[in-house]
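Printed here is work_4.csv (CSV, C-alpha atoms and all ligand atoms):
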```csv
chain,number,residue,atom,x,y,z
A,1,MET,CA,127.6,88.1,106.0
A,2,GLN,CA,126.5,89.7,102.7
A,3,ARG,CA,126.7,93.4,102.0
A,4,LEU,CA,123.7,95.2,100.5
A,5,ILE,CA,124.9,95.8,97.0
A,6,PRO,CA,125.7,92.2,96.1
A,7,VAL,CA,122.4,91.1,97.5
A,8,LEU,CA,120.5,93.7,95.4
A,9,ASN,CA,122.6,92.7,92.3
A,10,ASN,CA,121.6,89.1,92.8
A,11,ASP,CA,118.0,90.2,92.8
A,12,HIS,CA,118.6,91.9,89.4
A,13,VAL,CA,117.7,95.3,90.9
A,14,PRO,CA,118.7,98.0,88.3
A,15,LEU,CA,122.1,99.6,89.0
A,16,HIS,CA,120.8,103.1,89.1
A,17,LEU,CA,118.1,102.1,91.6
A,18,ILE,CA,120.8,100.4,93.7
A,19,SER,CA,122.7,103.7,93.7
A,20,VAL,CA,119.7,105.6,94.9
A,21,ILE,CA,119.1,103.2,97.7
A,22,ASN,CA,122.8,103.3,98.6
A,23,THR,CA,122.7,107.1,98.7
A,24,LEU,CA,119.8,106.9,101.1
A,25,LEU,CA,121.9,104.7,103.3
A,26,THR,CA,124.9,107.0,103.2
A,27,ALA,CA,122.6,109.7,104.6
A,28,ALA,CA,121.1,107.2,107.1
A,29,LYS,CA,124.6,106.4,108.4
A,30,GLU,CA,125.2,110.1,109.0
A,31,ILE,CA,121.8,110.4,110.7
A,32,SER,CA,122.6,107.4,112.8
A,33,HIS,CA,126.0,108.9,113.8
A,34,ARG,CA,124.4,112.2,114.9
A,35,LEU,CA,121.7,110.4,116.9
A,36,HIS,CA,124.3,108.4,118.7
A,37,GLN,CA,126.2,111.6,119.5
A,38,GLY,CA,123.0,113.0,121.0
A,39,SER,CA,123.6,116.1,123.1
A,40,LEU,CA,127.3,116.0,122.2
A,41,ALA,CA,126.4,116.9,118.5
A,42,GLY,CA,124.2,119.9,119.7
A,43,THR,CA,121.3,118.7,117.5
A,44,LEU,CA,118.7,117.8,120.1
A,45,GLY,CA,115.7,120.0,120.8
A,46,SER,CA,113.3,121.9,118.5
A,47,THR,CA,113.6,124.7,115.9
A,48,LEU,CA,111.3,127.7,116.1
A,49,ASP,CA,109.6,126.5,112.9
A,50,GLU,CA,106.6,124.3,112.0
A,51,ASN,CA,106.4,122.0,109.0
A,52,ILE,CA,103.6,122.0,106.4
A,53,GLN,CA,101.7,119.6,108.8
A,54,GLY,CA,101.7,122.3,111.5
A,55,GLU,CA,104.0,120.2,113.6
A,56,THR,CA,107.0,121.7,115.5
A,57,GLN,CA,110.2,120.7,113.8
A,58,LYS,CA,113.0,119.1,115.7
A,59,LYS,CA,116.5,120.2,114.8
A,60,LEU,CA,117.3,116.6,113.7
A,61,ASP,CA,114.1,116.6,111.5
A,62,VAL,CA,115.6,119.5,109.6
A,63,VAL,CA,119.2,118.2,109.5
A,64,SER,CA,118.0,114.7,108.4
A,65,ASN,CA,115.8,116.2,105.7
A,66,GLN,CA,118.6,118.3,104.3
A,67,LEU,CA,121.1,115.4,104.3
A,68,ILE,CA,118.7,113.1,102.4
A,69,LYS,CA,117.5,115.7,100.0
A,70,ASN,CA,120.9,117.0,99.1
A,71,MET,CA,122.5,113.6,98.7
A,72,LEU,CA,119.7,112.2,96.6
A,73,LEU,CA,119.6,115.2,94.3
A,74,GLU,CA,123.4,115.2,93.9
A,75,THR,CA,123.3,111.7,92.4
A,76,ASN,CA,121.5,113.1,89.2
A,77,LEU,CA,119.5,109.8,89.3
A,78,VAL,CA,116.5,111.4,91.0
A,79,HIS,CA,113.8,113.3,89.2
A,80,ALA,CA,112.1,114.7,92.3
A,81,VAL,CA,111.8,114.2,96.0
A,82,ALA,CA,108.8,114.6,98.4
A,83,SER,CA,109.4,114.9,102.1
A,84,GLU,CA,107.4,115.3,105.2
A,85,GLU,CA,109.5,118.4,106.0
A,86,GLU,CA,109.0,120.1,102.6
A,87,ASP,CA,105.9,122.0,101.6
A,88,ASP,CA,106.2,121.0,98.0
A,89,VAL,CA,108.1,118.5,95.9
A,90,VAL,CA,111.7,119.4,95.1
A,91,MET,CA,112.8,118.8,91.5
A,92,GLY,CA,116.1,117.2,90.6
A,93,ASN,CA,117.4,116.0,87.2
A,94,PRO,CA,114.6,116.4,84.5
A,95,ASP,CA,116.1,113.4,82.7
A,96,ALA,CA,116.2,111.1,85.7
A,97,LYS,CA,113.4,108.6,86.3
A,98,TYR,CA,113.3,108.0,90.1
A,99,LEU,CA,111.0,109.7,92.6
A,100,VAL,CA,111.7,109.4,96.3
A,101,ALA,CA,109.1,110.1,99.0
A,102,TYR,CA,110.4,110.0,102.5
A,103,ASP,CA,109.8,110.8,106.2
A,104,PRO,CA,113.4,111.9,107.2
A,105,LEU,CA,112.9,111.2,111.0
A,106,ASP,CA,109.7,109.4,111.9
A,107,GLY,CA,108.8,109.5,115.6
A,108,SER,CA,110.8,112.6,116.2
A,109,SER,CA,109.1,113.2,119.6
A,110,ASN,CA,111.3,110.3,120.8
A,111,ILE,CA,114.6,112.1,119.9
A,112,ASP,CA,114.9,114.1,123.1
A,113,ILE,CA,114.1,111.0,125.3
A,114,ASN,CA,116.7,108.8,123.6
A,115,GLY,CA,113.9,106.6,122.1
A,116,SER,CA,113.9,104.8,118.8
A,117,VAL,CA,113.2,106.8,115.6
A,118,GLY,CA,113.5,106.0,111.9
A,119,THR,CA,113.7,107.1,108.3
A,120,ILE,CA,111.0,105.8,105.9
A,121,PHE,CA,111.3,105.8,102.1
A,122,SER,CA,109.2,104.9,99.1
A,123,ILE,CA,110.7,104.9,95.6
A,124,LEU,CA,108.5,105.3,92.4
A,125,GLU,CA,109.3,105.9,88.8
A,126,LYS,CA,108.3,109.0,86.9
A,127,PRO,CA,104.9,108.1,85.3
A,128,ASP,CA,104.7,107.6,81.5
A,129,HIS,CA,102.0,110.2,81.2
A,130,CYS,CA,102.8,113.9,81.4
A,131,ALA,CA,103.0,114.9,85.0
A,132,GLU,CA,104.6,117.7,86.8
A,133,GLY,CA,105.4,118.7,90.4
A,134,LYS,CA,103.2,117.0,93.0
A,135,GLU,CA,101.3,115.1,90.3
A,136,LEU,CA,104.4,112.9,89.8
A,137,PHE,CA,103.9,111.4,93.2
A,138,LEU,CA,100.1,110.8,93.0
A,139,GLN,CA,100.6,107.1,92.2
A,140,THR,CA,99.1,104.2,94.1
A,141,GLY,CA,101.2,102.2,96.6
A,142,ASP,CA,101.2,99.3,94.1
A,143,GLU,CA,103.4,101.5,91.8
A,144,GLN,CA,106.3,101.5,94.4
A,145,ILE,CA,109.4,99.8,93.1
A,146,ALA,CA,111.2,99.8,96.4
A,147,ALA,CA,110.4,100.8,100.0
A,148,GLY,CA,111.8,100.5,103.5
A,149,TYR,CA,112.9,102.1,106.6
A,150,ILE,CA,116.0,102.6,108.7
A,151,LEU,CA,115.3,102.0,112.4
A,152,TYR,CA,117.7,103.9,114.7
A,153,GLY,CA,117.4,101.8,117.8
A,154,PRO,CA,120.0,100.0,119.9
A,155,SER,CA,121.2,98.8,116.4
A,156,SER,CA,120.6,100.6,113.2
A,157,LEU,CA,118.6,98.4,110.9
A,158,LEU,CA,117.6,98.7,107.2
A,159,VAL,CA,114.3,96.8,106.5
A,160,MET,CA,113.5,96.9,102.8
A,161,THR,CA,111.7,95.4,99.8
A,162,THR,CA,112.0,95.6,96.1
A,163,GLY,CA,109.0,93.4,95.7
A,164,GLN,CA,110.9,90.2,96.3
A,165,GLY,CA,110.2,89.7,100.0
A,166,VAL,CA,111.5,91.6,102.9
A,167,ARG,CA,115.1,91.6,104.1
A,168,VAL,CA,116.8,93.1,107.2
A,169,PHE,CA,120.3,94.5,107.2
A,170,THR,CA,122.2,95.6,110.3
A,171,LEU,CA,124.6,98.5,110.3
A,172,ASP,CA,128.0,97.2,111.3
A,173,HIS,CA,129.7,100.4,112.6
A,174,THR,CA,133.1,98.8,112.4
A,175,VAL,CA,133.0,98.5,108.6
A,176,GLY,CA,130.4,101.2,108.0
A,177,GLU,CA,128.2,98.9,106.0
A,178,PHE,CA,124.7,97.4,106.2
A,179,LEU,CA,125.1,93.6,106.4
A,180,LEU,CA,122.3,91.1,105.7
A,181,THR,CA,120.9,89.6,108.9
A,182,VAL,CA,117.5,88.3,107.9
A,183,ASP,CA,117.0,87.0,104.4
A,184,LYS,CA,113.2,86.6,104.4
A,185,LEU,CA,111.0,88.2,107.0
A,186,ASN,CA,107.5,86.7,107.5
A,187,ILE,CA,104.9,88.1,109.8
A,188,PRO,CA,103.1,85.3,111.9
A,189,ALA,CA,99.5,85.2,110.7
A,190,ASP,CA,98.1,85.2,114.3
A,191,THR,CA,99.0,87.4,117.2
A,192,GLN,CA,98.1,88.3,120.8
A,193,GLU,CA,99.6,91.8,120.7
A,194,PHE,CA,98.2,95.2,119.5
A,195,ALA,CA,99.6,98.7,119.1
A,196,VAL,CA,97.4,101.7,119.3
A,197,ASN,CA,97.4,105.1,121.1
A,198,MET,CA,94.7,104.3,123.7
A,199,SER,CA,94.3,107.9,124.7
A,200,ASN,CA,92.3,108.5,121.5
A,201,GLN,CA,89.8,105.8,122.4
A,202,ARG,CA,86.8,108.0,123.0
A,203,HIS,CA,87.3,109.6,119.5
A,204,TRP,CA,87.3,106.3,117.5
A,205,THR,CA,84.4,105.2,115.4
A,206,LYS,CA,82.2,102.3,116.6
A,207,PRO,CA,84.0,99.4,114.8
A,208,MET,CA,87.4,100.3,116.3
A,209,GLN,CA,85.8,100.9,119.7
A,210,GLN,CA,84.2,97.4,119.7
A,211,TYR,CA,87.3,95.6,118.3
A,212,ILE,CA,89.7,97.0,120.9
A,213,GLN,CA,87.1,96.5,123.6
A,214,ASP,CA,87.0,92.8,122.7
A,215,LEU,CA,90.8,92.6,122.8
A,216,LEU,CA,90.8,94.2,126.2
A,217,SER,CA,88.2,91.7,127.5
A,218,GLY,CA,90.8,89.0,126.9
A,219,GLU,CA,89.9,85.3,127.7
A,220,LEU,CA,86.6,86.4,129.3
A,221,GLY,CA,85.5,88.1,126.1
A,222,PRO,CA,84.5,86.9,122.6
A,223,ARG,CA,88.1,86.5,121.5
A,224,LYS,CA,88.7,84.0,124.3
A,225,LYS,CA,92.4,84.9,124.7
A,226,ASN,CA,94.4,87.6,126.4
A,227,PHE,CA,96.1,90.4,124.4
A,228,ASN,CA,99.1,92.5,125.3
A,229,MET,CA,99.6,96.1,124.2
A,230,ARG,CA,102.8,98.0,123.1
A,231,TRP,CA,103.1,101.6,121.9
A,232,ASN,CA,106.4,103.3,121.1
A,233,ALA,CA,104.9,106.4,119.4
A,234,ALA,CA,107.2,105.9,116.4
A,235,MET,CA,105.6,104.1,113.5
A,236,VAL,CA,109.0,102.7,112.5
A,237,SER,CA,109.6,100.9,115.7
A,238,ASP,CA,106.0,99.9,116.3
A,239,VAL,CA,105.8,98.4,112.8
A,240,HIS,CA,109.2,96.8,113.2
A,241,ARG,CA,108.0,94.9,116.2
A,242,VAL,CA,105.0,93.7,114.2
A,243,LEU,CA,107.2,92.6,111.3
A,244,SER,CA,109.5,90.9,113.7
A,245,ARG,CA,107.1,88.9,116.0
A,246,GLY,CA,103.6,89.6,114.7
A,247,GLY,CA,100.9,92.0,116.0
A,248,ILE,CA,98.4,94.5,114.8
A,249,PHE,CA,99.3,98.2,114.5
A,250,THR,CA,96.6,100.8,114.0
A,251,TYR,CA,96.3,104.5,113.9
A,252,PRO,CA,92.6,104.6,112.9
A,253,ALA,CA,90.6,107.6,111.6
A,254,ASP,CA,88.9,109.4,114.5
A,255,CYS,CA,86.6,112.2,115.3
A,256,LYS,CA,89.0,114.3,117.5
A,257,HIS,CA,89.7,117.0,114.9
A,258,PRO,CA,87.0,116.7,112.2
A,259,GLU,CA,89.2,118.6,109.7
A,260,LYS,CA,92.0,116.1,110.3
A,261,PRO,CA,90.5,112.7,110.9
A,262,CYS,CA,93.7,110.7,110.2
A,263,LYS,CA,97.3,111.1,111.5
A,264,LEU,CA,99.6,109.0,109.3
A,265,ARG,CA,100.7,110.1,105.9
A,266,LEU,CA,99.9,108.0,102.9
A,267,LEU,CA,102.9,108.5,100.6
A,268,TYR,CA,105.8,108.3,102.9
A,269,GLU,CA,104.4,106.4,105.9
A,270,ALA,CA,101.4,104.2,105.1
A,271,ASN,CA,102.3,103.1,101.6
A,272,PRO,CA,106.0,102.0,102.2
A,273,MET,CA,105.0,100.3,105.4
A,274,SER,CA,102.1,98.5,103.6
A,275,PHE,CA,104.5,97.4,100.9
A,276,LEU,CA,106.7,95.8,103.6
A,277,VAL,CA,103.9,94.3,105.5
A,278,GLU,CA,102.2,92.7,102.4
A,279,GLN,CA,105.6,91.4,101.2
A,280,ALA,CA,106.0,89.8,104.6
A,281,GLY,CA,102.6,88.1,104.3
A,282,GLY,CA,100.6,90.6,106.3
A,283,ARG,CA,97.7,92.9,105.5
A,284,ALA,CA,97.3,96.7,105.4
A,285,SER,CA,94.0,98.4,105.2
A,286,THR,CA,92.2,101.7,106.1
A,287,GLY,CA,89.4,99.6,107.6
A,288,TYR,CA,87.5,99.7,104.3
A,289,GLU,CA,90.1,99.7,101.5
A,290,ARG,CA,93.5,98.1,100.9
A,291,ILE,CA,96.0,101.0,101.5
A,292,MET,CA,98.1,100.3,98.5
A,293,SER,CA,95.1,100.5,96.1
A,294,LEU,CA,94.3,104.1,97.2
A,295,GLN,CA,94.7,106.8,94.6
A,296,PRO,CA,96.4,109.7,96.3
A,297,THR,CA,95.2,113.2,95.7
A,298,GLU,CA,97.8,115.2,97.8
A,299,ILE,CA,101.4,114.6,98.6
A,300,HIS,CA,100.8,115.1,102.4
A,301,GLN,CA,97.5,113.2,102.4
A,302,ARG,CA,96.7,111.4,105.6
A,303,VAL,CA,95.1,108.0,105.9
A,304,SER,CA,93.6,105.6,108.5
A,305,VAL,CA,96.0,102.6,109.0
A,306,ILE,CA,95.4,99.1,110.3
A,307,MET,CA,98.3,96.7,109.5
A,308,GLY,CA,100.0,93.5,110.6
A,309,SER,CA,99.3,89.8,111.1
A,310,ARG,CA,97.0,88.6,108.4
A,311,ASN,CA,94.4,86.8,110.4
A,312,GLU,CA,94.2,89.5,113.1
A,313,VAL,CA,93.8,92.3,110.6
A,314,ASP,CA,91.1,90.3,108.9
A,315,THR,CA,89.3,89.9,112.2
A,316,CYS,CA,89.5,93.6,112.8
A,317,LEU,CA,88.1,94.3,109.3
A,318,ASP,CA,85.1,92.1,110.1
A,319,TYR,CA,84.1,94.7,112.7
A,320,PHE,CA,84.2,97.4,110.0
A,321,LYS,CA,82.0,95.2,107.7
A,322,SER,CA,79.4,94.4,110.3
A,323,ILE,CA,79.1,97.6,112.4
A,324,PRO,CA,77.7,100.6,110.5
A,325,CYS,CA,79.1,104.0,111.2
A,326,ASP,CA,79.7,107.4,109.5
A,327,ARG,CA,83.3,107.5,108.3
A,328,PRO,CA,85.2,110.6,109.6
A,329,ASP,CA,87.7,110.1,106.7
A,330,ALA,CA,86.3,110.6,103.2
A,331,PRO,CA,86.9,107.6,100.9
A,332,THR,CA,89.8,108.2,98.5
A,333,ALA,CA,89.4,105.2,96.3
B,1,LIG,P1,106.4,112.4,113.3
B,1,LIG,O1,106.7,111.9,111.9
B,1,LIG,O2,106.0,113.8,113.3
B,1,LIG,O3,107.6,112.2,114.1
B,1,LIG,O4,105.2,111.6,113.9
B,1,LIG,C1,105.3,110.2,114.3
B,1,LIG,C2,104.0,109.6,114.1
B,1,LIG,O5,103.3,110.1,113.0
B,1,LIG,C3,104.1,108.0,113.9
B,1,LIG,O6,105.4,107.6,113.8
B,1,LIG,C4,103.5,107.5,115.2
B,1,LIG,O7,102.9,106.2,115.0
B,1,LIG,C5,102.6,108.5,115.6
B,1,LIG,O8,103.1,109.8,115.2
B,1,LIG,C6,102.5,108.6,117.1
B,1,LIG,O9,101.4,109.4,117.4
B,1,LIG,P2,100.9,109.8,118.9
B,1,LIG,O10,101.7,111.0,119.3
B,1,LIG,O11,99.5,110.1,118.8
B,1,LIG,O12,101.2,108.6,119.8
```
So, in terms of structure tokens, how does the structure I just supplied come out?
Ligand code: AFP
Amino acid sequence: MQRLIPVLNNDHVPLHLISVINTLLTAAKEISHRLHQGSLAGTLGSTLDENIQGETQKKLDVVSNQLIKNMLLETNLVHAVASEEEDDVVMGNPDAKYLVAYDPLDGSSNIDINGSVGTIFSILEKPDHCAEGKELFLQTGDEQIAAGYILYGPSSLLVMTTGQGVRVFTLDHTVGEFLLTVDKLNIPADTQEFAVNMSNQRHWTKPMQQYIQDLLSGELGPRKKNFNMRWNAAMVSDVHRVLSRGGIFTYPADCKHPEKPCKLRLLYEANPMSFLVEQAGGRASTGYERIMSLQPTEIHQRVSVIMGSRNEVDTCLDYFKSIPCDRPDAPTA
């Protein structure tokens, strides 16, 4: 089985970019080790702090963020990083060209129940025009040069793209390396499985209400087939299932908290996942716009997400085209 670096070399990925990706994986191996140690490592549970999003930080959120940030900045190949756990961007080498946005531990409410969690990353280049601080990261998803996630589940998997399809590598703990296990991942175009937090149903807008209602009606309803539902509450593992066997994953905009209509973050959750999904032949939309075409205005910006099997996402988007409603999320493109 092939190791990561020769595979990326074969794809003509620039050497410095390979080093940045490899550094992310060194941090991921350490995170994987600490997760496997669980209570034995003394890192379960919460800190007394909240992050910029107002969410309670788990100890492993903080540890994972520090590991990734420090290792990336030590390479001298990274110009700046933006993390879910940092209020602002953190500057690195002024002469370096890579920008890394990441969610160090996505799905962290799963940590204390021994459920799957993951690290999501998106790599951009410093823009040609003069930009400083957070402006550096305000690029569309189409500008990403690499993206992926590490899923810490029963196996630790790296799923990544550099724009040449999606590959899966599995961490072989005996050699401490990620080895290629799927060369080209393709999402089936059709599906009978959906992933959504149903407890928010009453807060959704009309198109999403009607779409999910028609899925629930199964073979007796307009879709004339039964659908199954899965929800792991960690985007990494929910999207991994969709990438592996098809499905539609959504965290739509809703009216629960008018000041915060969306949950998932554009730069380090929606964009990297959309890059993977599109590279695997799927679709990723807000309901109205293609996610990777959105022009970000904030590093911690949130966005409505509908992604997965191409034909199913298209069917869902037809509801948004045909059912008028007021959008709780202001258009950003
Ligand atoms: P964290 O990044 O704070 O761990 O949040 C995880 C997440 O944003 C995403 O991974 C899940 O899809 C979503 O939250 C789960 O949300 P619910 O708690 O509403 O199910």
Quick one, how far is CA of Leu294 in chain A from CA of Val100 in chain A?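 About the pair CA of Leu294 in chain A and CA of Val100 in chain A: they are 18.2 Å apart.
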Throw together the list of residues within 7 Å of ligand LIG 1 (chain B), counting only C-alpha atoms and all ligand atoms, and drop it here as a PDB file with C-alpha atoms, in the coordinates of the input.
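Wrote pocket14.pdb, looks like this:
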```
ATOM      1  CA  GLU A  55     104.000 120.200 113.600  1.00  0.00           C
ATOM      2  CA  ASP A 103     109.800 110.800 106.200  1.00  0.00           C
ATOM      3  CA  LEU A 105     112.900 111.200 111.000  1.00  0.00           C
ATOM      4  CA  ASP A 106     109.700 109.400 111.900  1.00  0.00           C
ATOM      5  CA  GLY A 107     108.800 109.500 115.600  1.00  0.00           C
ATOM      6  CA  SER A 108     110.800 112.600 116.200  1.00  0.00           C
ATOM      7  CA  SER A 109     109.100 113.200 119.600  1.00  0.00           C
ATOM      8  CA  ASN A 197      97.400 105.100 121.100  1.00  0.00           C
ATOM      9  CA  ALA A 233     104.900 106.400 119.400  1.00  0.00           C
ATOM     10  CA  ALA A 234     107.200 105.900 116.400  1.00  0.00           C
ATOM     11  CA  MET A 235     105.600 104.100 113.500  1.00  0.00           C
ATOM     12  CA  VAL A 236     109.000 102.700 112.500  1.00  0.00           C
ATOM     13  CA  TYR A 251      96.300 104.500 113.900  1.00  0.00           C
ATOM     14  CA  LYS A 263      97.300 111.100 111.500  1.00  0.00           C
ATOM     15  CA  LEU A 264      99.600 109.000 109.300  1.00  0.00           C
TER      16      LEU A 264
END
```
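Using all atoms listed in the file, the shortest contact distance between Gly308 in chain A and any of A:Gln164, A:Ser293, A:Ser83, A:Thr250 is found at A:Thr250.
Between CA of Glu259 in chain A and CA of Val196 in chain A the separation is 21.1 Å.
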Atom pair CA of Arg230 in chain A / CA of Phe249 in chain A: separation (Å):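 Going from CA of Arg230 in chain A over to CA of Phe249 in chain A covers 9.3 Å.
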Could you tell me which of A:Ser122, A:Asn186, A:Ser156, A:Asn76 comes closest to Val277 in chain A if we count all atoms listed in the file?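 When distances to Val277 in chain A are compared using all atoms listed in the file, the smallest one comes from A:Asn186.
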Determine, counting all atoms listed in the file, every residue of protein, DNA or RNA that lies within 9 Å of (100.3, 90.6, 126.7) in the file coordinates, then give the result as a PyMOL selection string. chain A and resi 192-194+226-230
Calculated over only C-alpha atoms, which of the candidates A:Asp128, A:Glu177, A:Glu143, A:Glu74 has the smallest distance to Arg3 in chain A? A:Glu177
Counting all atoms listed in the file, closest pick from A:Thr140, A:Ser237, A:Asn22, A:Asn65 relative to Met292 in chain A is A:Thr140
So, counting all atoms listed in the file, which residue among A:Ile120, A:Leu77, A:Ile248, A:Leu99 is closest to Trp231 in chain A? A:Ile248
Counting only C-alpha atoms, the option among A:Thr181, A:Thr162, A:Asn110, A:Thr23 closest to Gln279 in chain A: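 The shortest atom-to-atom distance to Gln279 in chain A comes from A:Thr162.
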Give me, as a CSV table (one decimal) with C-alpha atoms, in the frame of the given file, all polymer residues having an atom no more than 10 Å from Asp214 in chain A, counting only C-alpha atoms and skipping those fewer than 3 positions away in the same chain.
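In the end it all went to out10.csv:
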```csv
chain,number,residue,atom,x,y,z
A,208,MET,CA,87.4,100.3,116.3
A,209,GLN,CA,85.8,100.9,119.7
A,210,GLN,CA,84.2,97.4,119.7
A,211,TYR,CA,87.3,95.6,118.3
A,217,SER,CA,88.2,91.7,127.5
A,218,GLY,CA,90.8,89.0,126.9
A,219,GLU,CA,89.9,85.3,127.7
A,220,LEU,CA,86.6,86.4,129.3
A,221,GLY,CA,85.5,88.1,126.1
A,222,PRO,CA,84.5,86.9,122.6
A,223,ARG,CA,88.1,86.5,121.5
A,224,LYS,CA,88.7,84.0,124.3
A,225,LYS,CA,92.4,84.9,124.7
A,226,ASN,CA,94.4,87.6,126.4
A,227,PHE,CA,96.1,90.4,124.4
```
Non-local contacts of Met91 in chain A (7 Å; only C-alpha atoms; under 6 positions in same chain excluded) as a PDB file with C-alpha atoms, in the coordinates of the input:
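What landed in around-v2.pdb:
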```pdb
ATOM      1  CA  HIS A  79     113.800 113.300  89.200  1.00  0.00           C
ATOM      2  CA  ALA A  80     112.100 114.700  92.300  1.00  0.00           C
ATOM      3  CA  VAL A  81     111.800 114.200  96.000  1.00  0.00           C
TER       4      VAL A  81
END
```
Show me the residues close to (111.8, 117.8, 95.9) - anything with an atom within 12 Å, counting only C-alpha atoms - and format the list as JSON, numbers by chain. {"A": [65, 66, 68, 69, 70, 71, 72, 73, 78, 79, 80, 81, 82, 83, 84, 85, 86, 87, 88, 89, 90, 91, 92, 93, 94, 98, 99, 100, 101, 102, 132, 133, 134, 136, 137, 299]}
Long-range neighbours of Glu312 in chain A as a ChimeraX atom specification, 10 Å cut-off, only C-alpha atoms, 2 positions minimum in chain: /A:188-194,246-248,282-283,307-310,314-318
Surrounding residues of Ser32 in chain A excluding itself and chain neighbours under 4 positions, 8 Å, all atoms listed in the file, as a PyMOL selection string: chain A and resi 28+36+152+156
Need to verify the contact set: Val303 in chain A, 12 Å, only C-alpha atoms, exclusion of same-chain residues closer than 6 positions in sequence. Can you return it as number ranges by chain? A: 250-254, 260-271, 284-292, 294-297, 328-333
Residues as selected, C-alpha atoms, written as a compact mmCIF listing (two decimals), keeping the file's coordinate frame, can you do that?
```
# COMPACT_ATOMS: atom_id res chain seq x y z
CA THR A 250 96.60 100.80 114.00
CA TYR A 251 96.30 104.50 113.90
CA PRO A 252 92.60 104.60 112.90
CA ALA A 253 90.60 107.60 111.60
CA ASP A 254 88.90 109.40 114.50
CA LYS A 260 92.00 116.10 110.30
CA PRO A 261 90.50 112.70 110.90
CA CYS A 262 93.70 110.70 110.20
CA LYS A 263 97.30 111.10 111.50
CA LEU A 264 99.60 109.00 109.30
CA ARG A 265 100.70 110.10 105.90
CA LEU A 266 99.90 108.00 102.90
CA LEU A 267 102.90 108.50 100.60
CA TYR A 268 105.80 108.30 102.90
CA GLU A 269 104.40 106.40 105.90
CA ALA A 270 101.40 104.20 105.10
CA ASN A 271 102.30 103.10 101.60
CA ALA A 284 97.30 96.70 105.40
CA SER A 285 94.00 98.40 105.20
CA THR A 286 92.20 101.70 106.10
CA GLY A 287 89.40 99.60 107.60
CA TYR A 288 87.50 99.70 104.30
CA GLU A 289 90.10 99.70 101.50
CA ARG A 290 93.50 98.10 100.90
CA ILE A 291 96.00 101.00 101.50
CA MET A 292 98.10 100.30 98.50
CA LEU A 294 94.30 104.10 97.20
CA GLN A 295 94.70 106.80 94.60
CA PRO A 296 96.40 109.70 96.30
CA THR A 297 95.20 113.20 95.70
CA PRO A 328 85.20 110.60 109.60
CA ASP A 329 87.70 110.10 106.70
CA ALA A 330 86.30 110.60 103.20
CA PRO A 331 86.90 107.60 100.90
CA THR A 332 89.80 108.20 98.50
CA ALA A 333 89.40 105.20 96.30
```
Residue rebuild result range 218-227 of chain A, N, CA, C and O atoms as a compact mmCIF listing (two decimals), in the coordinates of the input:
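Just written: out.txt:
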```
# COMPACT_ATOMS: atom_id res chain seq x y z
N GLY A 218 89.91 90.12 126.78
CA GLY A 218 90.80 89.00 126.90
C GLY A 218 90.04 87.64 126.92
O GLY A 218 89.05 87.47 126.19
N GLU A 219 90.50 86.69 127.76
CA GLU A 219 89.90 85.30 127.70
C GLU A 219 88.47 85.29 128.15
O GLU A 219 87.77 84.32 127.88
N LEU A 220 88.02 86.35 128.83
CA LEU A 220 86.60 86.40 129.30
C LEU A 220 85.69 86.89 128.17
O LEU A 220 84.47 86.77 128.27
N GLY A 221 86.25 87.49 127.14
CA GLY A 221 85.50 88.10 126.10
C GLY A 221 85.31 87.19 124.86
O GLY A 221 85.73 86.02 124.90
N PRO A 222 84.73 87.72 123.78
CA PRO A 222 84.50 86.90 122.60
C PRO A 222 85.72 86.33 121.94
O PRO A 222 85.66 85.30 121.26
N ARG A 223 86.88 86.98 122.12
CA ARG A 223 88.10 86.50 121.50
C ARG A 223 88.70 85.28 122.25
O ARG A 223 89.57 84.59 121.75
N LYS A 224 88.29 85.13 123.49
CA LYS A 224 88.70 84.00 124.30
C LYS A 224 90.20 83.82 124.48
O LYS A 224 90.72 82.72 124.66
N LYS A 225 90.94 84.93 124.38
CA LYS A 225 92.40 84.90 124.70
C LYS A 225 92.82 86.28 125.11
O LYS A 225 92.18 87.29 124.79
N ASN A 226 93.92 86.32 125.87
CA ASN A 226 94.40 87.60 126.40
C ASN A 226 95.33 88.26 125.35
O ASN A 226 96.08 87.58 124.65
N PHE A 227 95.24 89.58 125.30
CA PHE A 227 96.10 90.40 124.40
C PHE A 227 96.99 91.29 125.23
O PHE A 227 96.58 91.81 126.26
```
